[in-house]
$ cat upload.txt   # compact mmCIF, C-alpha atoms
# COMPACT_ATOMS: atom_id res chain seq x y z
CA MET A 1 17.36 10.79 33.56
CA THR A 2 16.22 14.39 33.19
CA THR A 3 12.44 14.90 33.44
CA ILE A 4 10.06 17.70 32.57
CA HIS A 5 9.90 18.46 36.32
CA ASP A 6 13.65 19.22 36.31
CA VAL A 7 13.26 21.59 33.38
CA ALA A 8 10.37 23.40 35.05
CA LYS A 9 12.32 23.78 38.29
CA GLN A 10 15.44 25.20 36.60
CA ALA A 11 13.43 27.58 34.44
CA GLY A 12 11.29 28.68 37.38
CA VAL A 13 8.00 27.90 35.62
CA SER A 14 5.22 25.36 35.86
CA ILE A 15 5.25 21.96 34.14
CA GLY A 16 2.34 23.17 32.01
CA THR A 17 4.40 26.10 30.73
CA VAL A 18 7.23 23.76 29.73
CA SER A 19 4.71 21.56 27.94
CA ASN A 20 3.26 24.55 26.09
CA VAL A 21 6.73 25.62 24.94
CA ILE A 22 7.63 22.13 23.71
CA ASN A 23 4.33 21.41 22.01
CA GLN A 24 3.58 25.00 20.96
CA ASN A 25 0.03 24.49 22.20
CA LYS A 26 -0.37 27.98 23.68
CA LYS A 27 1.42 31.25 23.25
CA VAL A 28 4.14 31.78 25.85
CA ALA A 29 5.95 35.06 26.54
CA PRO A 30 9.27 35.29 24.62
CA ASP A 31 11.41 35.70 27.75
CA THR A 32 9.72 32.71 29.41
CA THR A 33 10.18 30.63 26.25
CA ALA A 34 13.87 31.57 26.19
CA ARG A 35 14.30 30.46 29.84
CA VAL A 36 12.59 27.14 29.16
CA MET A 37 14.65 26.47 26.02
CA GLU A 38 17.85 27.37 27.89
CA ALA A 39 16.92 24.90 30.66
CA ILE A 40 16.13 22.19 28.10
CA GLN A 41 19.51 22.65 26.42
CA SER A 42 21.39 22.91 29.70
CA LEU A 43 19.83 19.74 31.10
CA LYS A 44 19.86 17.96 27.71
CA TYR A 45 16.22 17.09 28.13
CA VAL A 46 14.62 14.93 25.44
CA PRO A 47 10.78 14.88 25.40
CA ASN A 48 9.20 11.42 25.47
CA THR A 49 7.34 11.54 22.17
CA ALA A 50 5.86 8.07 22.50
CA ALA A 51 4.43 8.85 25.92
CA LYS A 52 3.03 12.13 24.64
CA SER A 53 1.36 10.27 21.78
CA LEU A 54 -0.25 7.84 24.19
CA LYS A 55 -1.60 10.67 26.33
CA SER A 56 -2.95 12.77 23.43
CA ASN A 57 -3.99 9.76 21.33
CA GLN A 58 -2.45 11.58 18.36
CA SER A 59 0.97 10.38 17.24
CA ARG A 60 3.70 12.85 16.35
CA ILE A 61 5.99 10.10 15.09
CA MET A 62 6.65 9.36 11.43
CA GLY A 63 8.02 5.98 10.48
CA ILE A 64 10.50 5.66 7.62
CA LEU A 65 10.83 2.28 5.92
CA ALA A 66 13.78 2.59 3.53
CA GLU A 67 14.60 -0.19 1.10
CA ASP A 68 18.27 0.74 1.38
CA ILE A 69 19.82 3.80 2.98
CA SER A 70 23.00 3.22 0.91
CA ALA A 71 21.14 4.00 -2.35
CA PHE A 72 22.31 7.32 -3.81
CA SER A 73 18.81 8.80 -3.56
CA SER A 74 17.92 7.74 -0.02
CA GLY A 75 20.16 10.08 1.98
CA ASP A 76 18.73 13.31 0.56
CA ILE A 77 15.16 12.01 0.73
CA ILE A 78 15.61 11.10 4.41
CA GLU A 79 17.22 14.49 5.05
CA GLY A 80 14.18 16.19 3.49
CA ILE A 81 11.84 14.15 5.70
CA CYS A 82 13.85 14.89 8.85
CA LYS A 83 14.12 18.62 8.09
CA TYR A 84 10.35 18.88 7.63
CA SER A 85 9.67 16.76 10.71
CA GLU A 86 12.00 18.77 12.91
CA SER A 87 10.46 22.09 11.90
CA HIS A 88 6.90 20.82 12.40
CA GLY A 89 7.26 19.07 15.75
CA TYR A 90 7.50 15.45 14.55
CA THR A 91 10.07 12.79 15.34
CA VAL A 92 11.07 9.95 13.03
CA GLU A 93 11.78 6.24 13.42
CA LEU A 94 13.91 4.67 10.67
CA CYS A 95 14.14 1.05 9.52
CA ASN A 96 16.46 -0.13 6.74
CA LEU A 97 15.61 -3.20 4.61
CA ARG A 98 19.11 -3.32 3.00
CA VAL A 99 17.87 -4.67 -0.33
CA ASN A 100 21.07 -3.80 -2.22
CA ASN A 101 22.87 -6.50 -0.24
CA LYS A 102 20.26 -9.04 -1.32
CA VAL A 103 20.30 -8.46 -5.09
CA GLU A 104 23.14 -9.55 -7.39
CA HIS A 105 24.99 -6.72 -9.15
CA GLU A 106 24.00 -7.84 -12.64
CA LYS A 107 20.35 -7.97 -11.56
CA ALA A 108 20.48 -4.74 -9.59
CA PHE A 109 17.26 -3.38 -11.04
CA LEU A 110 15.29 -6.62 -11.29
CA TYR A 111 13.81 -6.81 -7.81
CA HIS A 112 10.85 -9.11 -8.35
CA GLU A 113 12.68 -12.32 -7.41
CA MET A 114 14.17 -10.73 -4.29
CA GLU A 115 10.77 -9.50 -3.15
CA GLN A 116 9.47 -13.10 -3.16
CA THR A 117 12.16 -14.42 -0.82
CA ALA A 118 11.37 -15.31 2.78
CA SER A 119 14.30 -13.22 4.06
CA PHE A 120 12.97 -10.04 2.45
CA GLN A 121 9.41 -10.65 3.61
CA ASN A 122 10.61 -11.38 7.15
CA SER A 123 12.64 -8.17 7.09
CA VAL A 124 9.57 -6.18 6.07
CA GLU A 125 7.48 -7.83 8.80
CA LYS A 126 10.05 -7.19 11.54
CA SER A 127 10.51 -3.56 10.47
CA LEU A 128 6.77 -2.94 10.43
CA ASN A 129 6.43 -4.48 13.89
CA LEU A 130 9.17 -2.18 15.21
CA LEU A 131 7.58 0.92 13.70
CA LEU A 132 4.08 0.07 14.87
CA ALA A 133 5.39 -0.72 18.37
CA SER A 134 6.80 2.82 18.40
CA ARG A 135 3.25 4.07 17.78
CA VAL A 136 4.05 5.82 14.51
CA GLY A 137 1.16 7.80 13.07
CA GLY A 138 2.12 6.87 9.51
CA ILE A 139 4.90 5.41 7.37
CA ILE A 140 6.96 6.77 4.48
CA TYR A 141 8.21 3.97 2.22
CA ILE A 142 11.38 4.88 0.27
CA GLY A 143 12.22 2.77 -2.79
CA VAL A 144 15.70 2.26 -4.19
CA HIS A 145 14.41 2.51 -7.76
CA PRO A 146 11.09 3.87 -9.08
CA ARG A 147 8.88 0.79 -9.57
CA ASP A 148 5.56 -0.67 -8.46
CA VAL A 149 5.91 -1.63 -4.78
CA GLY A 150 2.20 -1.79 -3.99
CA HIS A 151 2.35 -5.54 -3.26
CA ILE A 152 5.06 -5.32 -0.57
CA LEU A 153 3.22 -3.92 2.45
CA PRO A 154 0.15 -5.55 3.95
CA SER A 155 -2.98 -3.58 4.78
CA LEU A 156 -2.15 -1.31 7.72
CA ASP A 157 -4.12 0.80 10.19
CA VAL A 158 -1.79 3.76 9.62
CA PRO A 159 -1.41 5.73 6.36
CA VAL A 160 1.50 5.09 4.00
CA VAL A 161 3.15 7.53 1.59
CA TYR A 162 5.47 6.13 -1.08
CA VAL A 163 8.45 8.14 -2.31
CA TYR A 164 10.86 7.21 -5.12
CA ALA A 165 8.36 4.43 -5.85
CA TYR A 166 4.75 4.07 -6.93
CA THR A 167 1.83 1.66 -6.75
CA ALA A 168 -0.96 0.66 -9.10
CA LYS A 169 -3.47 1.47 -6.37
CA GLU A 170 -4.81 4.81 -5.14
CA ASP A 171 -1.87 5.39 -2.79
CA TYR A 172 -0.05 8.64 -2.10
CA CYS A 173 3.15 8.62 -4.19
CA ILE A 174 5.84 11.29 -4.50
CA ASN A 175 8.26 11.07 -7.44
CA TYR A 176 10.29 13.16 -9.87
CA ASP A 177 9.39 13.77 -13.51
CA ASP A 178 11.55 11.49 -15.72
CA PHE A 179 9.94 12.76 -18.92
CA GLN A 180 10.55 16.41 -18.09
CA GLY A 181 14.12 15.70 -16.93
CA ALA A 182 15.02 13.94 -20.18
CA LYS A 183 13.58 16.82 -22.18
CA LEU A 184 15.81 19.24 -20.24
CA ALA A 185 18.93 17.29 -21.23
CA VAL A 186 18.08 16.76 -24.91
CA GLU A 187 16.78 20.30 -25.33
CA TYR A 188 20.10 21.60 -24.03
CA LEU A 189 22.04 19.43 -26.50
CA VAL A 190 19.87 20.67 -29.36
CA GLU A 191 20.35 24.28 -28.25
CA MET A 192 24.10 23.64 -28.41
CA GLY A 193 23.69 22.77 -32.09
CA HIS A 194 23.77 18.97 -31.90
CA GLU A 195 21.64 17.02 -34.36
CA ARG A 196 23.20 13.54 -34.08
CA ILE A 197 22.32 12.74 -30.46
CA ALA A 198 22.73 9.17 -29.20
CA LEU A 199 20.99 7.66 -26.17
CA LEU A 200 22.36 5.29 -23.51
CA CYS A 201 19.29 3.55 -22.06
CA GLY A 202 18.69 1.98 -18.67
CA SER A 203 16.96 -1.33 -17.98
CA ILE A 204 14.39 -2.22 -20.60
CA ASP A 205 11.81 -3.16 -17.94
CA SER A 206 12.16 0.16 -16.10
CA VAL A 207 9.36 2.73 -16.16
CA SER A 208 11.98 5.45 -15.65
CA ALA A 209 13.82 4.33 -18.78
CA HIS A 210 10.61 4.36 -20.83
CA LYS A 211 9.69 7.88 -19.69
CA ARG A 212 13.18 9.20 -20.40
CA LEU A 213 13.08 7.56 -23.83
CA MET A 214 9.77 9.35 -24.48
CA GLY A 215 11.33 12.66 -23.44
CA TYR A 216 14.27 12.02 -25.81
CA GLN A 217 11.98 11.13 -28.74
CA GLU A 218 9.54 13.98 -28.14
CA THR A 219 12.34 16.56 -28.11
CA LEU A 220 13.85 15.21 -31.33
CA MET A 221 10.43 15.33 -33.02
CA ARG A 222 9.75 18.87 -31.83
CA HIS A 223 13.00 20.02 -33.47
CA HIS A 224 12.41 17.95 -36.64
CA LEU A 225 15.45 15.76 -35.97
CA ALA A 226 15.54 12.16 -37.18
CA PHE A 227 15.17 9.32 -34.69
CA ARG A 228 17.99 6.91 -35.55
CA PRO A 229 17.59 3.42 -34.02
CA GLU A 230 21.34 2.74 -34.27
CA TYR A 231 21.90 5.63 -31.85
CA VAL A 232 19.85 3.97 -29.08
CA CYS A 233 21.82 1.53 -26.88
CA SER A 234 20.29 -0.56 -24.10
CA GLY A 235 22.07 -1.17 -20.81
CA ASN A 236 21.52 -1.70 -17.11
CA TRP A 237 22.46 1.74 -15.73
CA HIS A 238 26.05 0.74 -14.86
CA TYR A 239 29.47 2.15 -15.74
CA GLU A 240 30.35 -0.89 -17.86
CA ASP A 241 27.23 -0.42 -20.02
CA GLY A 242 28.19 3.17 -20.75
CA TYR A 243 31.75 2.25 -21.67
CA ARG A 244 30.78 -0.64 -23.96
CA ASN A 245 27.98 1.21 -25.72
CA CYS A 246 30.03 4.36 -26.25
CA ILE A 247 32.67 2.26 -28.05
CA ARG A 248 29.93 0.83 -30.29
CA LEU A 249 28.59 4.30 -31.09
CA LEU A 250 32.04 5.65 -31.95
CA GLU A 251 32.55 2.80 -34.42
CA LEU A 252 29.45 3.70 -36.45
CA PRO A 253 30.02 5.03 -40.00
CA GLU A 254 28.45 8.30 -38.85
CA PRO A 255 29.02 8.52 -35.10
CA PRO A 256 26.98 10.92 -32.93
CA THR A 257 28.29 14.31 -31.91
CA ALA A 258 26.57 14.06 -28.52
CA ILE A 259 25.48 11.30 -26.12
CA PHE A 260 22.65 11.57 -23.61
CA SER A 261 23.07 8.96 -20.89
CA MET A 262 20.10 7.98 -18.72
CA SER A 263 22.41 7.69 -15.71
CA ASP A 264 25.54 9.44 -14.53
CA LEU A 265 27.21 6.05 -14.00
CA MET A 266 26.83 5.16 -17.67
CA ALA A 267 27.98 8.68 -18.57
CA TYR A 268 31.21 8.07 -16.59
CA GLY A 269 31.78 4.94 -18.70
CA ALA A 270 31.09 6.83 -21.92
CA LEU A 271 33.42 9.64 -20.88
CA ASN A 272 36.32 7.25 -20.24
CA ALA A 273 35.61 5.26 -23.43
CA ALA A 274 35.83 8.45 -25.50
CA LEU A 275 39.06 9.49 -23.80
CA ASP A 276 40.55 6.00 -24.26
CA ARG A 277 39.80 6.27 -27.99
CA GLY A 278 41.79 9.49 -28.14
CA LEU A 279 38.81 11.84 -28.40
CA ARG A 280 38.53 15.12 -26.57
CA VAL A 281 35.46 15.82 -24.44
CA PRO A 282 33.64 18.05 -25.20
CA GLU A 283 35.55 19.27 -28.30
CA ASP A 284 35.10 16.01 -30.27
CA ILE A 285 32.02 14.60 -28.55
CA SER A 286 29.65 15.94 -25.91
CA ILE A 287 28.34 13.73 -23.09
CA HIS A 288 25.36 14.44 -20.82
CA GLY A 289 24.24 12.48 -17.76
CA PHE A 290 21.15 12.10 -15.61
CA ASP A 291 20.88 11.78 -11.79
CA GLY A 292 22.95 14.65 -10.46
CA LEU A 293 25.32 12.39 -8.51
CA GLU A 294 27.68 14.25 -6.20
CA HIS A 295 30.75 12.82 -7.96
CA SER A 296 29.63 14.25 -11.30
CA ALA A 297 30.99 17.66 -10.31
CA PHE A 298 34.47 16.14 -9.96
CA THR A 299 34.90 14.21 -13.22
CA ARG A 300 37.37 15.67 -15.69
CA PRO A 301 35.76 17.47 -17.38
CA ALA A 302 32.85 18.00 -14.97
CA LEU A 303 29.72 16.18 -16.15
CA SER A 304 26.66 18.08 -17.33
CA THR A 305 23.65 16.31 -15.82
CA VAL A 306 20.04 16.46 -14.69
CA SER A 307 19.56 16.81 -10.93
CA LEU A 308 16.72 15.06 -9.11
CA PRO A 309 14.66 17.00 -6.51
CA LEU A 310 15.41 14.47 -3.75
CA LEU A 311 15.31 16.86 -0.78
CA GLU A 312 12.03 18.29 -2.03
CA MET A 313 10.62 14.79 -2.49
CA GLY A 314 11.45 13.94 1.10
CA ALA A 315 9.91 17.13 2.41
CA LYS A 316 6.81 16.67 0.24
CA SER A 317 6.32 13.09 1.44
CA ALA A 318 6.57 14.24 5.07
CA GLU A 319 4.17 17.11 4.43
CA THR A 320 1.71 14.74 2.75
CA LEU A 321 1.89 12.25 5.62
CA SER A 322 1.47 14.99 8.23
CA ARG A 323 -1.69 16.21 6.51
CA ILE A 324 -3.13 12.70 6.41
CA MET A 325 -2.23 12.18 10.07
CA SER A 326 -4.07 15.43 10.83
CA HIS A 327 -7.14 14.09 8.97
CA GLU A 328 -6.68 16.45 6.04
CA HIS A 329 -6.82 15.43 2.39
CA PRO A 330 -3.78 16.27 0.22
CA GLU A 331 -4.66 17.76 -3.15
CA SER A 332 -3.21 14.91 -5.20
CA ARG A 333 -2.37 11.27 -4.63
CA SER A 334 0.37 11.28 -7.27
CA VAL A 335 2.92 14.10 -7.26
CA LEU A 336 5.71 14.60 -9.82
CA LEU A 337 8.32 17.20 -8.89
CA PRO A 338 10.39 18.82 -11.66
CA CYS A 339 14.06 18.06 -12.22
CA SER A 340 16.69 20.77 -12.75
CA HIS A 341 19.50 21.11 -15.28
CA MET A 342 23.18 21.37 -14.35
CA ALA A 343 25.30 22.62 -17.28
CA ARG A 344 28.98 21.87 -16.72
CA SER A 345 31.95 21.11 -18.98
CA THR A 346 31.19 17.91 -20.93
CA VAL A 347 28.94 19.63 -23.47
CA ALA A 348 30.19 22.10 -26.08
CA ARG A 349 28.57 23.76 -29.06
CA SER A 350 28.57 21.55 -32.11
CA ARG A 351 31.12 22.53 -34.76
CA ARG A 352 28.83 21.38 -37.58
$ encode --input "upload.txt" --output "structure tokens"
Amino acid sequence: MTTIHDVAKQAGVSIGTVSNVINQNKKVAPDTTARVMEAIQSLKYVPNTAAKSLKSNQSRIMGILAEDISAFSSGDIIEGICKYSESHGYTVELCNLRVNNKVEHEKAFLYHEMEQTASFQNSVEKSLNLLLASRVGGIIYIGVHPRDVGHILPSLDVPVVYVYAYTAKEDYCINYDDFQGAKLAVEYLVEMGHERIALLCGSIDSVSAHKRLMGYQETLMRHHLAFRPEYVCSGNWHYEDGYRNCIRLLELPEPPTAIFSMSDLMAYGALNAALDRGLRVPEDISIHGFDGLEHSAFTRPALSTVSLPLLEMGAKSAETLSRIMSHEHPESRSVLLPCSHMARSTVARSRR
């Protein structure tokens, strides 16, 4: 196995110089730095971060405890964490709890029962033991759905930052702004001349659904548009909910001219329901999603949606944890990052 001694010998410098280049502790001449980096790449040397942490008594390792890396949001959040860590001299250790394999499809956003099971609690305990054995300086907990997860982890000696999740305690939490994102979507529909705007809701017990509902209602009120209860359909975020509820809306005596779906999956269902009923999208009815899923660019027509700042959330959680690990105090314990709007082809100007 290649050691720091081998790197120093090939580069023709001292071990201390190699250490300074790797850790960026002291300024090293550019040509010397280039020789050291060339030797590191040539020998494929990997610094022993854990050993370095032991020696300095200051960990440069961030632990990631993801509820499920298969969740649509997790990949970009992890990428944001890794990009920040790489550029700031940290390494990461990742553990995956795989909760989506432990929750039935029809209960996919009702996690309370799953969290009480011995298998889930054992998985959390084993993952924490692995991370702590790696001498992580802190942990980033990634949820699969924004909800209160403050009861899951025990009291730890290392700091924890929660992302795509929150707690009722004074923890550091990084999330996106559901309220602002919903306002972006409904405001766009209103700007396109729509007055009869229906809403496909997510799970009734979801904080995200409540905040998006508030954004929908607030935008209607601001434009003096009537809130029509028959236009609000509850679901569970899935394709089937969007399809079924779109059919119901189209059968109303005065159907909506536009539908705002709280998830892209439900929007896919609504899109196909409208097409199956012989309607044209967006000429006969406009449909707008929320989530910014990658596949939404490839529906026919391409789905207008609200994109979540997942990469930024990952980077912000890593930045927050690094500041805590460096004994600094981040400005806020609860951060909401703004969503962005993606106008595509499923929304047209109302003909009314």
$ atom_distance --input "upload.txt" --atom1 "CA of Asp276 (chain A)" --atom2 "CA of Arg244 (chain A)"
11.8 Å
$ closest_residue --input "upload.txt" --among "A:Ile287, A:Met62, A:Leu252, A:Val18" --to "Val161 (chain A)" --atoms "all atoms listed in the file"
A:Met62
$ residues_around --input "upload.txt" --residues "Ser74 (chain A)" --least-positions-apart "5" --cutoff "9 Å" --atoms "only C-alpha atoms" --output "JSON, numbers by chain"
{"A": [66, 67, 68, 69, 79, 142, 143, 144, 164, 310]}
$ closest_residue --input "upload.txt" --among "A:Asn101, A:Ser208, A:Glu283, A:Leu200" --to "Ile247 (chain A)" --atoms "all atoms listed in the file"
A:Leu200
$ residues_around --input "upload.txt" --residues "region 201-206 of chain A" --least-positions-apart "4" --cutoff "12 Å" --atoms "only C-alpha atoms" --output "PyMOL selection string"
chain A and resi 106-112+145-148+165+178+182+210-214+216+231-239+241-242+245-246+259-267+289-290
$ atom_distance --input "upload.txt" --atom1 "CA of Gly63 (chain A)" --atom2 "CA of Glu93 (chain A)"
4.8 Å
$ atom_distance --input "upload.txt" --atom1 "CA of Leu308 (chain A)" --atom2 "CA of Cys339 (chain A)"
5.1 Å
$ closest_residue --input "upload.txt" --among "A:Ser296, A:Ser119, A:Gln180, A:Thr33" --to "Val13 (chain A)" --atoms "all atoms listed in the file"
A:Thr33
$ closest_residue --input "upload.txt" --among "A:Ala258, A:Ile81, A:Ala318, A:Ile4" --to "Tyr45 (chain A)" --atoms "all atoms listed in the file"
A:Ile4
$ residues_near_point --input "upload.txt" --point "(10.5, -5.2, 8.9)" --cutoff "12 Å" --atoms "all atoms listed in the file" --output "JSON list (two decimals) with C-alpha atoms, keeping the file's coordinate frame"
[["chain", "number", "residue", "atom", "x", "y", "z"],
["A", 63, "GLY", "CA", 8.02, 5.98, 10.48],
["A", 64, "ILE", "CA", 10.50, 5.66, 7.62],
["A", 65, "LEU", "CA", 10.83, 2.28, 5.92],
["A", 66, "ALA", "CA", 13.78, 2.59, 3.53],
["A", 67, "GLU", "CA", 14.60, -0.19, 1.10],
["A", 94, "LEU", "CA", 13.91, 4.67, 10.67],
["A", 95, "CYS", "CA", 14.14, 1.05, 9.52],
["A", 96, "ASN", "CA", 16.46, -0.13, 6.74],
["A", 97, "LEU", "CA", 15.61, -3.20, 4.61],
["A", 98, "ARG", "CA", 19.11, -3.32, 3.00],
["A", 99, "VAL", "CA", 17.87, -4.67, -0.33],
["A", 118, "ALA", "CA", 11.37, -15.31, 2.78],
["A", 119, "SER", "CA", 14.30, -13.22, 4.06],
["A", 120, "PHE", "CA", 12.97, -10.04, 2.45],
["A", 121, "GLN", "CA", 9.41, -10.65, 3.61],
["A", 122, "ASN", "CA", 10.61, -11.38, 7.15],
["A", 123, "SER", "CA", 12.64, -8.17, 7.09],
["A", 124, "VAL", "CA", 9.57, -6.18, 6.07],
["A", 125, "GLU", "CA", 7.48, -7.83, 8.80],
["A", 126, "LYS", "CA", 10.05, -7.19, 11.54],
["A", 127, "SER", "CA", 10.51, -3.56, 10.47],
["A", 128, "LEU", "CA", 6.77, -2.94, 10.43],
["A", 129, "ASN", "CA", 6.43, -4.48, 13.89],
["A", 130, "LEU", "CA", 9.17, -2.18, 15.21],
["A", 131, "LEU", "CA", 7.58, 0.92, 13.70],
["A", 132, "LEU", "CA", 4.08, 0.07, 14.87],
["A", 133, "ALA", "CA", 5.39, -0.72, 18.37],
["A", 141, "TYR", "CA", 8.21, 3.97, 2.22],
["A", 152, "ILE", "CA", 5.06, -5.32, -0.57],
["A", 153, "LEU", "CA", 3.22, -3.92, 2.45],
["A", 154, "PRO", "CA", 0.15, -5.55, 3.95]]
$ closest_residue --input "upload.txt" --among "A:Leu321, A:Leu249, A:Cys82, A:Ala8" --to "Ile285 (chain A)" --atoms "all atoms listed in the file"
A:Leu249
$ decode --input "upload.txt" --residues "region 185-193 of chain A" --atoms "all heavy atoms" --output "PDB file, in the first residue's frame"
ATOM      1  N   ALA A 185     -46.103  28.255  -8.519  1.00  0.00           N
ATOM      2  CA  ALA A 185     -46.909  27.504  -9.484  1.00  0.00           C
ATOM      3  C   ALA A 185     -48.252  28.188  -9.730  1.00  0.00           C
ATOM      4  O   ALA A 185     -48.659  28.396 -10.884  1.00  0.00           O
ATOM      5  CB  ALA A 185     -47.123  26.080  -8.977  1.00  0.00           C
ATOM      6  N   VAL A 186     -48.954  28.531  -8.659  1.00  0.00           N
ATOM      7  CA  VAL A 186     -50.300  29.107  -8.810  1.00  0.00           C
ATOM      8  C   VAL A 186     -50.222  30.510  -9.412  1.00  0.00           C
ATOM      9  O   VAL A 186     -51.063  30.894 -10.243  1.00  0.00           O
ATOM     10  CB  VAL A 186     -51.038  29.120  -7.455  1.00  0.00           C
ATOM     11  CG1 VAL A 186     -52.460  29.648  -7.627  1.00  0.00           C
ATOM     12  CG2 VAL A 186     -51.085  27.720  -6.860  1.00  0.00           C
ATOM     13  N   GLU A 187     -49.216  31.265  -9.032  1.00  0.00           N
ATOM     14  CA  GLU A 187     -49.028  32.597  -9.611  1.00  0.00           C
ATOM     15  C   GLU A 187     -48.846  32.502 -11.117  1.00  0.00           C
ATOM     16  O   GLU A 187     -49.398  33.309 -11.891  1.00  0.00           O
ATOM     17  CB  GLU A 187     -47.808  33.267  -8.974  1.00  0.00           C
ATOM     18  CG  GLU A 187     -47.619  34.729  -9.315  1.00  0.00           C
ATOM     19  CD  GLU A 187     -48.636  35.633  -8.644  1.00  0.00           C
ATOM     20  OE1 GLU A 187     -48.918  35.429  -7.444  1.00  0.00           O
ATOM     21  OE2 GLU A 187     -49.170  36.531  -9.335  1.00  0.00           O
ATOM     22  N   TYR A 188     -48.098  31.516 -11.561  1.00  0.00           N
ATOM     23  CA  TYR A 188     -47.870  31.328 -12.994  1.00  0.00           C
ATOM     24  C   TYR A 188     -49.181  30.994 -13.709  1.00  0.00           C
ATOM     25  O   TYR A 188     -49.475  31.534 -14.789  1.00  0.00           O
ATOM     26  CB  TYR A 188     -46.852  30.210 -13.209  1.00  0.00           C
ATOM     27  CG  TYR A 188     -46.609  29.850 -14.654  1.00  0.00           C
ATOM     28  CD1 TYR A 188     -46.074  30.770 -15.548  1.00  0.00           C
ATOM     29  CD2 TYR A 188     -46.903  28.573 -15.125  1.00  0.00           C
ATOM     30  CE1 TYR A 188     -45.840  30.434 -16.878  1.00  0.00           C
ATOM     31  CE2 TYR A 188     -46.679  28.221 -16.446  1.00  0.00           C
ATOM     32  CZ  TYR A 188     -46.146  29.157 -17.316  1.00  0.00           C
ATOM     33  OH  TYR A 188     -45.921  28.827 -18.629  1.00  0.00           O
ATOM     34  N   LEU A 189     -49.995  30.121 -13.097  1.00  0.00           N
ATOM     35  CA  LEU A 189     -51.283  29.775 -13.703  1.00  0.00           C
ATOM     36  C   LEU A 189     -52.207  30.988 -13.790  1.00  0.00           C
ATOM     37  O   LEU A 189     -52.911  31.179 -14.793  1.00  0.00           O
ATOM     38  CB  LEU A 189     -51.948  28.650 -12.898  1.00  0.00           C
ATOM     39  CG  LEU A 189     -51.244  27.294 -12.940  1.00  0.00           C
ATOM     40  CD1 LEU A 189     -51.896  26.315 -11.972  1.00  0.00           C
ATOM     41  CD2 LEU A 189     -51.243  26.722 -14.357  1.00  0.00           C
ATOM     42  N   VAL A 190     -52.182  31.809 -12.746  1.00  0.00           N
ATOM     43  CA  VAL A 190     -53.008  33.025 -12.762  1.00  0.00           C
ATOM     44  C   VAL A 190     -52.508  33.985 -13.845  1.00  0.00           C
ATOM     45  O   VAL A 190     -53.301  34.586 -14.583  1.00  0.00           O
ATOM     46  CB  VAL A 190     -53.002  33.710 -11.382  1.00  0.00           C
ATOM     47  CG1 VAL A 190     -53.712  35.060 -11.438  1.00  0.00           C
ATOM     48  CG2 VAL A 190     -53.659  32.818 -10.331  1.00  0.00           C
ATOM     49  N   GLU A 191     -51.197  34.131 -13.949  1.00  0.00           N
ATOM     50  CA  GLU A 191     -50.618  35.006 -14.978  1.00  0.00           C
ATOM     51  C   GLU A 191     -50.999  34.543 -16.380  1.00  0.00           C
ATOM     52  O   GLU A 191     -51.105  35.359 -17.305  1.00  0.00           O
ATOM     53  CB  GLU A 191     -49.099  35.042 -14.842  1.00  0.00           C
ATOM     54  CG  GLU A 191     -48.594  35.823 -13.630  1.00  0.00           C
ATOM     55  CD  GLU A 191     -47.085  35.732 -13.495  1.00  0.00           C
ATOM     56  OE1 GLU A 191     -46.453  35.048 -14.336  1.00  0.00           O
ATOM     57  OE2 GLU A 191     -46.545  36.328 -12.553  1.00  0.00           O
ATOM     58  N   MET A 192     -51.226  33.233 -16.523  1.00  0.00           N
ATOM     59  CA  MET A 192     -51.626  32.689 -17.822  1.00  0.00           C
ATOM     60  C   MET A 192     -53.134  32.793 -18.035  1.00  0.00           C
ATOM     61  O   MET A 192     -53.677  32.225 -18.987  1.00  0.00           O
ATOM     62  CB  MET A 192     -51.172  31.235 -17.937  1.00  0.00           C
ATOM     63  CG  MET A 192     -49.650  31.067 -17.925  1.00  0.00           C
ATOM     64  SD  MET A 192     -48.840  31.838 -19.346  1.00  0.00           S
ATOM     65  CE  MET A 192     -49.192  30.639 -20.629  1.00  0.00           C
ATOM     66  N   GLY A 193     -53.816  33.518 -17.143  1.00  0.00           N
ATOM     67  CA  GLY A 193     -55.216  33.824 -17.339  1.00  0.00           C
ATOM     68  C   GLY A 193     -56.195  32.837 -16.733  1.00  0.00           C
ATOM     69  O   GLY A 193     -57.413  32.960 -16.933  1.00  0.00           O
TER      70      GLY A 193
END
